[in-house]
Amino acid sequence: MAAKVFAISNQKGGTGKTTLTMNFAAGLCQRGRTLVVDADPQGSAAQWAGLAPDESPFPVSVITMAGNLARELNRFREDYQYVVIDCPPTLDSEITPLAMSASDTVLIPVLPSPVDLWASMKLAQTIEQAKLTNPAMQAYLVINQLEPRSALSRAMQQALAEFDLPSLQNWLCRRAIYRTSAIEGNSVFGIGKRGAAAAQEIESIIEEVI
């Protein structure tokens with residue numbers, strides 16, 4: 001059975017793209033063999049995994065893209081159940097459209113601010129283009145860094161309604177533990193009770209999209 005492929009994308013930096021990639025992949029690996037493809041020239045996913053101690057490596061294999069994305073994905077589809085692509089924070093590269101064209105699902109982390117959401121508007125056009133060759137692909141906004149116990153502002157709700165893409169019903173709260181897990185080269189699943197609440201957020205997102 002071929003792998004289910006997820007692309008994590010946003011052309012705007014600072015939205016938590018790699019944070020979602022690494023924790024989402026760590027949750028998926030509890031369900032089946034999972035691979036992260038670091039297609040971001042900044043190499044953030046690979047750096048994250050590289051911070052893990054030798055005695056406790058990151059639970060998911062991370063490879064940097066070293067050639068044609070479509071060819072590399074075809075090479076891994078039969079060996080993994082899930083592949084998660086960390087896309088570049090730009091639409092000026094051919095990598096993001098290629099990743100979308102090869103993915104079953106695209107997740108777009110956005111900050112809970114209308115200004116940040118509007119900055120991601122061009123991504124909807126890229127998704128529509130990708131659907132011409134991959135009509136079955138699904139794309140969702142994922143609200144990130146929502147303040148705990150805080151509801152979405154009315155302005156944000158209106159901005160989401162204007163966006164041409166659906167948003168997931170589950171979101172990620174602003175939690176220091178996400179930064180801590182990155183510094184430790186770990187995921188929120190791998191740091192015990194400290195990460196339990198964050199791990200549940202990731203689990204809820206996984207359940208919603210698979």
# chains A, B, ... in the order shown; residues from 1 in each chain; ligands from 1
call {"tool": "select_by_dssp", "arguments": {"residues": "range 13-206 of chain A", "states": "strand (DSSP E)", "output": "list of chain:residue names"}}
result
A:Thr34, A:Leu35, A:Val36, A:Val37, A:Asp38, A:Ser61, A:Val62, A:Ile63, A:Thr64, A:Tyr82, A:Val83, A:Val84, A:Ile85, A:Asp86, A:Thr105, A:Val106, A:Leu107, A:Ile108, A:Pro109, A:Val110, A:Gln138, A:Ala139, A:Tyr140, A:Leu141, A:Val142, A:Ile143
call {"tool": "write_last_selection", "arguments": {"atoms": "C-alpha atoms", "output": "PDB file, in the first residue's frame"}}
result
ATOM      1  CA  THR A  34       6.821   7.537   8.803  1.00  0.00           C
ATOM      2  CA  LEU A  35       9.323   9.677   6.907  1.00  0.00           C
ATOM      3  CA  VAL A  36       9.906  13.436   6.964  1.00  0.00           C
ATOM      4  CA  VAL A  37      11.190  14.975   3.736  1.00  0.00           C
ATOM      5  CA  ASP A  38      12.914  18.270   4.546  1.00  0.00           C
ATOM      6  CA  SER A  61      13.646   9.395   9.847  1.00  0.00           C
ATOM      7  CA  VAL A  62      14.325  12.819   8.322  1.00  0.00           C
ATOM      8  CA  ILE A  63      15.926  13.197   4.891  1.00  0.00           C
ATOM      9  CA  THR A  64      16.845  16.374   3.065  1.00  0.00           C
ATOM     10  CA  TYR A  82       3.210   8.144   5.884  1.00  0.00           C
ATOM     11  CA  VAL A  83       5.427  10.796   4.313  1.00  0.00           C
ATOM     12  CA  VAL A  84       5.410  14.381   5.621  1.00  0.00           C
ATOM     13  CA  ILE A  85       7.008  17.118   3.473  1.00  0.00           C
ATOM     14  CA  ASP A  86       8.261  20.294   5.139  1.00  0.00           C
ATOM     15  CA  THR A 105      -3.362  16.418   2.082  1.00  0.00           C
ATOM     16  CA  VAL A 106      -1.856  19.897   2.473  1.00  0.00           C
ATOM     17  CA  LEU A 107      -1.811  21.470   5.946  1.00  0.00           C
ATOM     18  CA  ILE A 108      -1.255  25.225   6.194  1.00  0.00           C
ATOM     19  CA  PRO A 109      -0.376  26.521   9.662  1.00  0.00           C
ATOM     20  CA  VAL A 110      -1.555  30.103  10.215  1.00  0.00           C
ATOM     21  CA  GLN A 138      -7.382  18.106   0.281  1.00  0.00           C
ATOM     22  CA  ALA A 139      -6.070  21.326   1.860  1.00  0.00           C
ATOM     23  CA  TYR A 140      -6.793  22.747   5.298  1.00  0.00           C
ATOM     24  CA  LEU A 141      -5.741  25.729   7.371  1.00  0.00           C
ATOM     25  CA  VAL A 142      -4.403  24.828  10.824  1.00  0.00           C
ATOM     26  CA  ILE A 143      -4.621  27.615  13.393  1.00  0.00           C
TER      27      ILE A 143
END
call {"tool": "select_by_dssp", "arguments": {"residues": "chain A", "states": "alpha helix (DSSP H)", "output": "ChimeraX atom specification"}}
result
/A:17-28,44-50,69-77,95-101,114-118,121-133,154-162,176-183,196-209
call {"tool": "closest_residue", "arguments": {"among": "A:Val188, A:Met65, A:Ile210, A:Ala197", "to": "Asn23 in chain A", "atoms": "only C-alpha atoms"}}
result
A:Val188
call {"tool": "closest_atom_pairs", "arguments": {"of": "range 33-93 of chain A", "to": "range 1-19 of chain A", "cutoff": "8 Å", "atoms": "only C-alpha atoms", "output": "Markdown table"}}
result
| residue | atom | partner | partner_atom | distance |
| --- | --- | --- | --- | --- |
| A:Ser44 | CA | A:Thr18 | CA | 6.7 |
| A:Ala45 | CA | A:Thr18 | CA | 6.1 |
| A:Phe76 | CA | A:Ala3 | CA | 7.9 |
| A:Arg77 | CA | A:Ala3 | CA | 4.7 |
| A:Glu78 | CA | A:Ala2 | CA | 5.1 |
| A:Asp79 | CA | A:Ala3 | CA | 7.6 |
| A:Tyr80 | CA | A:Ala3 | CA | 5.5 |
| A:Gln81 | CA | A:Ala3 | CA | 4.2 |
| A:Tyr82 | CA | A:Lys4 | CA | 4.9 |
| A:Val83 | CA | A:Val5 | CA | 4.7 |
| A:Val84 | CA | A:Phe6 | CA | 4.8 |
| A:Ile85 | CA | A:Ala7 | CA | 4.7 |
| A:Asp86 | CA | A:Ile8 | CA | 5.3 |
| A:Cys87 | CA | A:Ser9 | CA | 5.2 |
| A:Pro88 | CA | A:Gln11 | CA | 7.1 |
| A:Pro89 | CA | A:Gln11 | CA | 4.2 |
| A:Thr90 | CA | A:Gln11 | CA | 4.1 |
| A:Leu91 | CA | A:Gln11 | CA | 5.8 |
call {"tool": "write_last_selection", "arguments": {"atoms": "C-alpha atoms", "output": "mmCIF file, in the first residue's frame"}}
result
data_model
loop_
_atom_site.group_PDB
_atom_site.id
_atom_site.type_symbol
_atom_site.label_atom_id
_atom_site.label_comp_id
_atom_site.auth_asym_id
_atom_site.auth_seq_id
_atom_site.Cartn_x
_atom_site.Cartn_y
_atom_site.Cartn_z
ATOM 1 C CA SER A 44 15.010 23.197 9.921
ATOM 2 C CA ALA A 45 13.528 19.695 10.176
ATOM 3 C CA PHE A 76 9.775 6.031 -0.625
ATOM 4 C CA ARG A 77 6.051 5.522 -1.212
ATOM 5 C CA GLU A 78 6.289 1.749 -0.974
ATOM 6 C CA ASP A 79 8.536 1.719 2.105
ATOM 7 C CA TYR A 80 6.536 4.030 4.374
ATOM 8 C CA GLN A 81 2.934 4.384 5.444
ATOM 9 C CA TYR A 82 3.210 8.144 5.884
ATOM 10 C CA VAL A 83 5.427 10.796 4.313
ATOM 11 C CA VAL A 84 5.410 14.381 5.621
ATOM 12 C CA ILE A 85 7.008 17.118 3.473
ATOM 13 C CA ASP A 86 8.261 20.294 5.139
ATOM 14 C CA CYS A 87 7.936 22.791 2.262
ATOM 15 C CA PRO A 88 9.998 25.974 1.749
ATOM 16 C CA PRO A 89 8.607 29.240 3.201
ATOM 17 C CA THR A 90 8.206 30.718 -0.288
ATOM 18 C CA LEU A 91 6.156 30.243 -3.438
#
call {"tool": "atom_distance", "arguments": {"atom1": "CA of Ala46 in chain A", "atom2": "CA of Ile183 in chain A"}}
result
12.7 Å
call {"tool": "closest_residue", "arguments": {"among": "A:Thr96, A:Asn74, A:Asn186, A:Ser101", "to": "Ala130 in chain A", "atoms": "only C-alpha atoms"}}
result
A:Ser101
call {"tool": "atom_distance", "arguments": {"atom1": "CA of Gln30 in chain A", "atom2": "CA of Arg175 in chain A"}}
result
22.4 Å
call {"tool": "decode", "arguments": {"residues": "range 76-169 of chain A", "atoms": "C-alpha atoms", "output": "PDB file, in the first residue's frame"}}
result
ATOM      1  CA  PHE A  76       9.775   6.031  -0.625  1.00  0.00           C
ATOM      2  CA  ARG A  77       6.051   5.522  -1.212  1.00  0.00           C
ATOM      3  CA  GLU A  78       6.289   1.749  -0.974  1.00  0.00           C
ATOM      4  CA  ASP A  79       8.536   1.719   2.105  1.00  0.00           C
ATOM      5  CA  TYR A  80       6.536   4.030   4.374  1.00  0.00           C
ATOM      6  CA  GLN A  81       2.934   4.384   5.444  1.00  0.00           C
ATOM      7  CA  TYR A  82       3.210   8.144   5.884  1.00  0.00           C
ATOM      8  CA  VAL A  83       5.427  10.796   4.313  1.00  0.00           C
ATOM      9  CA  VAL A  84       5.410  14.381   5.621  1.00  0.00           C
ATOM     10  CA  ILE A  85       7.008  17.118   3.473  1.00  0.00           C
ATOM     11  CA  ASP A  86       8.261  20.294   5.139  1.00  0.00           C
ATOM     12  CA  CYS A  87       7.936  22.791   2.262  1.00  0.00           C
ATOM     13  CA  PRO A  88       9.998  25.974   1.749  1.00  0.00           C
ATOM     14  CA  PRO A  89       8.607  29.240   3.201  1.00  0.00           C
ATOM     15  CA  THR A  90       8.206  30.718  -0.288  1.00  0.00           C
ATOM     16  CA  LEU A  91       6.156  30.243  -3.438  1.00  0.00           C
ATOM     17  CA  ASP A  92       9.058  31.352  -5.646  1.00  0.00           C
ATOM     18  CA  SER A  93      10.328  27.780  -5.769  1.00  0.00           C
ATOM     19  CA  GLU A  94       8.943  24.932  -7.863  1.00  0.00           C
ATOM     20  CA  ILE A  95       9.211  22.639  -4.829  1.00  0.00           C
ATOM     21  CA  THR A  96       5.964  23.705  -3.140  1.00  0.00           C
ATOM     22  CA  PRO A  97       3.709  23.187  -6.208  1.00  0.00           C
ATOM     23  CA  LEU A  98       5.407  19.834  -6.848  1.00  0.00           C
ATOM     24  CA  ALA A  99       4.882  18.778  -3.235  1.00  0.00           C
ATOM     25  CA  MET A 100       1.211  19.715  -3.407  1.00  0.00           C
ATOM     26  CA  SER A 101       0.763  17.873  -6.689  1.00  0.00           C
ATOM     27  CA  ALA A 102       2.147  14.726  -5.052  1.00  0.00           C
ATOM     28  CA  SER A 103       0.286  15.007  -1.732  1.00  0.00           C
ATOM     29  CA  ASP A 104      -2.967  13.596  -0.448  1.00  0.00           C
ATOM     30  CA  THR A 105      -3.362  16.418   2.082  1.00  0.00           C
ATOM     31  CA  VAL A 106      -1.856  19.897   2.473  1.00  0.00           C
ATOM     32  CA  LEU A 107      -1.811  21.470   5.946  1.00  0.00           C
ATOM     33  CA  ILE A 108      -1.255  25.225   6.194  1.00  0.00           C
ATOM     34  CA  PRO A 109      -0.376  26.521   9.662  1.00  0.00           C
ATOM     35  CA  VAL A 110      -1.555  30.103  10.215  1.00  0.00           C
ATOM     36  CA  LEU A 111      -1.329  32.405  13.209  1.00  0.00           C
ATOM     37  CA  PRO A 112      -4.637  33.521  14.811  1.00  0.00           C
ATOM     38  CA  SER A 113      -4.449  36.995  13.321  1.00  0.00           C
ATOM     39  CA  PRO A 114      -6.312  38.282  10.231  1.00  0.00           C
ATOM     40  CA  VAL A 115      -3.145  40.045   9.041  1.00  0.00           C
ATOM     41  CA  ASP A 116      -1.171  36.796   9.154  1.00  0.00           C
ATOM     42  CA  LEU A 117      -3.982  34.941   7.422  1.00  0.00           C
ATOM     43  CA  TRP A 118      -4.219  37.492   4.623  1.00  0.00           C
ATOM     44  CA  ALA A 119      -0.455  37.170   4.129  1.00  0.00           C
ATOM     45  CA  SER A 120      -1.095  33.534   3.192  1.00  0.00           C
ATOM     46  CA  MET A 121      -3.731  34.275   0.546  1.00  0.00           C
ATOM     47  CA  LYS A 122      -1.459  33.521  -2.434  1.00  0.00           C
ATOM     48  CA  LEU A 123      -1.152  29.954  -1.220  1.00  0.00           C
ATOM     49  CA  ALA A 124      -4.793  29.324  -2.138  1.00  0.00           C
ATOM     50  CA  GLN A 125      -3.946  30.069  -5.781  1.00  0.00           C
ATOM     51  CA  THR A 126      -1.062  27.605  -5.687  1.00  0.00           C
ATOM     52  CA  ILE A 127      -3.366  24.957  -4.250  1.00  0.00           C
ATOM     53  CA  GLU A 128      -5.942  25.532  -6.971  1.00  0.00           C
ATOM     54  CA  GLN A 129      -3.206  25.096  -9.582  1.00  0.00           C
ATOM     55  CA  ALA A 130      -2.031  21.877  -7.916  1.00  0.00           C
ATOM     56  CA  LYS A 131      -5.589  20.522  -7.963  1.00  0.00           C
ATOM     57  CA  LEU A 132      -5.585  20.669 -11.755  1.00  0.00           C
ATOM     58  CA  THR A 133      -3.161  17.733 -11.724  1.00  0.00           C
ATOM     59  CA  ASN A 134      -4.142  16.318  -8.326  1.00  0.00           C
ATOM     60  CA  PRO A 135      -7.907  16.860  -7.971  1.00  0.00           C
ATOM     61  CA  ALA A 136      -8.230  14.482  -4.983  1.00  0.00           C
ATOM     62  CA  MET A 137      -5.850  16.547  -2.841  1.00  0.00           C
ATOM     63  CA  GLN A 138      -7.382  18.106   0.281  1.00  0.00           C
ATOM     64  CA  ALA A 139      -6.070  21.326   1.860  1.00  0.00           C
ATOM     65  CA  TYR A 140      -6.793  22.747   5.298  1.00  0.00           C
ATOM     66  CA  LEU A 141      -5.741  25.729   7.371  1.00  0.00           C
ATOM     67  CA  VAL A 142      -4.403  24.828  10.824  1.00  0.00           C
ATOM     68  CA  ILE A 143      -4.621  27.615  13.393  1.00  0.00           C
ATOM     69  CA  ASN A 144      -1.418  27.711  15.425  1.00  0.00           C
ATOM     70  CA  GLN A 145      -0.346  29.505  18.604  1.00  0.00           C
ATOM     71  CA  LEU A 146      -3.851  30.224  19.816  1.00  0.00           C
ATOM     72  CA  GLU A 147      -3.703  31.477  23.385  1.00  0.00           C
ATOM     73  CA  PRO A 148      -4.897  28.784  25.815  1.00  0.00           C
ATOM     74  CA  ARG A 149      -8.478  29.372  26.982  1.00  0.00           C
ATOM     75  CA  SER A 150      -8.836  31.980  24.243  1.00  0.00           C
ATOM     76  CA  ALA A 151     -11.470  31.974  21.525  1.00  0.00           C
ATOM     77  CA  LEU A 152     -10.876  33.167  17.995  1.00  0.00           C
ATOM     78  CA  SER A 153     -11.551  36.868  17.578  1.00  0.00           C
ATOM     79  CA  ARG A 154     -14.511  37.940  15.489  1.00  0.00           C
ATOM     80  CA  ALA A 155     -12.106  39.526  12.997  1.00  0.00           C
ATOM     81  CA  MET A 156     -10.237  36.230  12.628  1.00  0.00           C
ATOM     82  CA  GLN A 157     -13.474  34.314  12.145  1.00  0.00           C
ATOM     83  CA  GLN A 158     -14.480  36.742   9.399  1.00  0.00           C
ATOM     84  CA  ALA A 159     -11.070  36.413   7.752  1.00  0.00           C
ATOM     85  CA  LEU A 160     -11.346  32.609   7.794  1.00  0.00           C
ATOM     86  CA  ALA A 161     -14.760  32.875   6.155  1.00  0.00           C
ATOM     87  CA  GLU A 162     -13.238  34.985   3.367  1.00  0.00           C
ATOM     88  CA  PHE A 163     -10.458  32.468   2.744  1.00  0.00           C
ATOM     89  CA  ASP A 164     -11.144  29.964   0.001  1.00  0.00           C
ATOM     90  CA  LEU A 165      -9.919  27.019   2.086  1.00  0.00           C
ATOM     91  CA  PRO A 166     -11.500  25.208   5.048  1.00  0.00           C
ATOM     92  CA  SER A 167      -9.853  25.261   8.467  1.00  0.00           C
ATOM     93  CA  LEU A 168      -9.558  22.267  10.748  1.00  0.00           C
ATOM     94  CA  GLN A 169     -11.843  22.167  13.757  1.00  0.00           C
TER      95      GLN A 169
END
